[in-house]
Every structure is written in structure tokens, then in C-alpha cells.
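> Structure provided below as C-alpha cells; questions to follow.
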Amino acid sequence: MSDPKADLRDYLQGGREALLWKLDGLSEHDVRRPLVPTGTNLLGLVKHVAGTAVGYLGEVFDRPFPEELPPYSEVGDMYATADESRDDVIGFWHRAWAHADATIEALPLDAVGRVWWWPEDRSEVTLHHVLVHLVAEVQRHAGHADLVRELVDGTAGLLPRSSNLPDRDAAWWREHHDRVAQAAADAAARWP
């Protein structure tokens, strides 16, 4: 029989591992390079998810994070400043998640907290609610990171030990890409 808290932690951990793996083997430039109009980049996603953990599993349950948070600007925290090294961001990540894990361990799923930045009528939450929210948040950003990493160097997949993609060579993927592109063109011509 499954343990609901353990299940939520497993899915949360899977997303955390997938997101952090997307930095492996890349240069400082590539982990910071904005490849979409919003400026989102791999190191910024890691920083954002770590900060999210501090908020939801720290502030919400009156368990403040013991250090000052990294810079946050008018456009958020989805990028690292030139003064923040990769080691700084990854170190923050590990400290943030250790703090979050301590909250998960210490509290029952029905523990009540308050998300002060949510509308008042839904600001009272349980640990269970927050964990479901965080699993969705972390997995969502792990998906963003997967696409950004693919734009950087073509690396795609869930984790290095389990890509979750068909095992095909580069030529097969180019042909597949061409088939998808042709299907898009054909559909556009058929249904303008």
C-alpha cells in the first residue's frame, strides 16, 4: 500500500533531479543563455524552483529560510545575475531543498499554512495541498528546462538513466523532425 506523503515526495524528487540534470555538461554561457523571448534560461529555472520551495515549504508554514534570498527583479527570478555563479545557485538549490525536506518531514499532511501571496479566500492551505502544487510546479519547470536544453545542444529526455524517449540515432530524429514539419505544412494548407 502506498504512503501519500512518500508518493508526493517521490514525484517532487523526480522533478528536482530532472531539472538539475539539465545543467550537466554545459558552459556558464549555455546555462544562462536566454533562448525564448521571456529570457528564461536553465540556471534561472533552477534558481526559481529553489526560491519557490523556500516560499511554499518555509514561509507558508512559518518555517523561515535562515538566509537572505538571491536577487529578485521586476521580471522575477528566472535568470541568474552575472554576480551569481553556477555554484552559488546550485548551493542555494541544495540548501533550499534541505530546508523544504525538513518541513515535509516535520509536518503531517493536514498541517495548515497560509500562502500570503494568494487571494485571501484560498490562502489557507494544508501541507498536502502545497505538495501537490509543488509537484506540478517543479515538473512544469522541468519540462521547460527540457525544451531549453534541447535548444542549447539537442540533449532531451527525462533523466540520464531513463530518457523516456525512443532510442534512435540522429538521422532518425532528423527524418522524424522533417515528417512533423511536413505534417504541419500539409495541415496549414488543408485548413488555412
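Chains: A, B, ... in order of the C-alpha cells. Residues: from 1 per chain. Ligands: from 1, in order shown.
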Give me the residues of segment 19-80 of chain A that have any atom at most 10 Å from an atom of segment 139-143 of chain A; for each, the nearest atom pair and the distance in Å, rounded to one decimal. Use only C-alpha atoms, sort by chain and number, and format it as a Markdown table.


| residue | atom | partner | partner_atom | distance |
| --- | --- | --- | --- | --- |
| A:Leu19 | CA | A:Ala142 | CA | 4.6 |
| A:Leu20 | CA | A:Ala142 | CA | 8.4 |
| A:Trp21 | CA | A:Ala142 | CA | 9.5 |
| A:Lys22 | CA | A:Ala142 | CA | 8.4 |
| A:Leu42 | CA | A:Ala142 | CA | 9.4 |
| A:Leu45 | CA | A:His141 | CA | 6.7 |
| A:Val46 | CA | A:His141 | CA | 8.6 |
| A:His48 | CA | A:His141 | CA | 9.1 |
| A:Val49 | CA | A:His141 | CA | 7.6 |

> Looking only at the backbone, which of the residues in chain A does DSSP tag as helix (DSSP H, G or I), as a ChimeraX atom specification?

/A:4-21,28-32,42-57,59-61,86-106,120-122,127-153,170-190

> I need the residue nearest Ala96 of chain A from this list: A:Tyr79, A:Phe61, A:Trp118, A:Tyr56. Use only C-alpha atoms for the distance.

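Smallest distance to Ala96 of chain A is found for A:Tyr56.
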
> Of the residues A:Leu147, A:Ala170, A:Ala156, A:Leu69, which is the one nearest to Ala53 of chain A, using only C-alpha atoms?

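Among the listed residues, the smallest separation from Ala53 of chain A belongs to A:Leu69.
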
> Nearest residue to Lys47 of chain A out of A:Met78, A:Val152, A:Ala185, A:Val180, using only C-alpha atoms?

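When distances to Lys47 of chain A are compared using only C-alpha atoms, the smallest one comes from A:Met78.
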
> What gap, in Å, lies between atom CA of Gly154 of chain A and atom CA of Ala171 of chain A?

13.0 Å

> So which one's closest to Leu12 of chain A, A:Ala187, A:Ala106, A:Ala181, A:Ala100? Using only C-alpha atoms, please.

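With only C-alpha atoms as the atom set, the closest residue is A:Ala100.
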
> I want to know what sits within 12 Å of Leu35 of chain A, based on only C-alpha atoms, with residues of the same chain fewer than 5 positions away left out; could you give that as an mmCIF file with N, CA and C atoms, in the first residue's frame?


data_model
loop_
_atom_site.group_PDB
_atom_site.id
_atom_site.type_symbol
_atom_site.label_atom_id
_atom_site.label_comp_id
_atom_site.auth_asym_id
_atom_site.auth_seq_id
_atom_site.Cartn_x
_atom_site.Cartn_y
_atom_site.Cartn_z
ATOM 1 N N HIS A 29 27.940 30.112 -20.112
ATOM 2 C CA HIS A 29 27.101 30.839 -21.067
ATOM 3 C C HIS A 29 25.833 30.054 -21.385
ATOM 4 N N ASP A 30 25.985 28.761 -21.665
ATOM 5 C CA ASP A 30 24.828 27.964 -22.069
ATOM 6 C C ASP A 30 23.800 27.782 -20.951
ATOM 7 N N THR A 40 13.928 33.280 -20.111
ATOM 8 C CA THR A 40 14.055 32.083 -19.283
ATOM 9 C C THR A 40 15.281 31.288 -19.721
ATOM 10 N N ASN A 41 16.041 30.829 -18.738
ATOM 11 C CA ASN A 41 17.223 30.018 -19.028
ATOM 12 C C ASN A 41 17.352 28.927 -17.974
ATOM 13 N N LEU A 42 18.245 27.992 -18.203
ATOM 14 C CA LEU A 42 18.344 26.809 -17.346
ATOM 15 C C LEU A 42 18.719 27.151 -15.909
ATOM 16 N N TYR A 79 16.298 34.024 -13.934
ATOM 17 C CA TYR A 79 17.626 34.170 -14.508
ATOM 18 C C TYR A 79 18.617 34.382 -13.370
ATOM 19 N N HIS A 144 9.990 22.791 -18.998
ATOM 20 C CA HIS A 144 10.580 23.973 -19.639
ATOM 21 C C HIS A 144 12.077 23.746 -19.849
ATOM 22 N N ALA A 145 12.738 23.252 -18.808
ATOM 23 C CA ALA A 145 14.188 23.027 -18.886
ATOM 24 C C ALA A 145 14.531 22.008 -19.958
ATOM 25 N N LEU A 147 12.998 21.524 -22.773
ATOM 26 C CA LEU A 147 12.944 22.205 -24.073
ATOM 27 C C LEU A 147 14.099 23.186 -24.248
ATOM 28 N N VAL A 148 14.433 23.943 -23.199
ATOM 29 C CA VAL A 148 15.542 24.891 -23.308
ATOM 30 C C VAL A 148 16.845 24.132 -23.557
ATOM 31 N N ARG A 149 17.052 23.032 -22.826
ATOM 32 C CA ARG A 149 18.279 22.252 -23.029
ATOM 33 C C ARG A 149 18.342 21.700 -24.453
ATOM 34 N N GLU A 150 17.217 21.271 -24.983
ATOM 35 C CA GLU A 150 17.212 20.772 -26.356
ATOM 36 C C GLU A 150 17.596 21.887 -27.332
ATOM 37 N N LEU A 151 17.173 23.122 -27.044
ATOM 38 C CA LEU A 151 17.568 24.249 -27.889
ATOM 39 C C LEU A 151 19.056 24.557 -27.761
ATOM 40 N N VAL A 152 19.632 24.324 -26.585
ATOM 41 C CA VAL A 152 21.057 24.598 -26.372
ATOM 42 C C VAL A 152 21.925 23.624 -27.152
ATOM 43 N N ASP A 153 21.701 22.318 -26.953
ATOM 44 C CA ASP A 153 22.629 21.354 -27.553
ATOM 45 C C ASP A 153 21.988 20.059 -28.051
#

> Could you write out, as a ChimeraX atom specification, all the residues of segment 42-184 of chain A that DSSP marks as strand (DSSP E or B)?

/A:73,76,112-114,124-126,159,162

> Extract, using only C-alpha atoms, all DNA, RNA and protein residues at most 9 Å from Leu8 of chain A, discarding same-chain residues fewer than 6 positions from it, and format them as a list in words.

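Here the answer would be His128, Leu131, Val132 and Val135 of chain A.
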
> Do a neighbour search on Val125 of chain A at 8 Å with only C-alpha atoms, toss out local chain neighbours closer than 2 positions, and write the hits as a PyMOL selection string.

chain A and resi 112-115+122-123+127+129-130

> For Pro108 of chain A, which of A:Arg161, A:Gly91, A:Glu120, A:Thr126 is the closest residue, counting only C-alpha atoms?

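Among the listed residues, the smallest separation from Pro108 of chain A belongs to A:Thr126.
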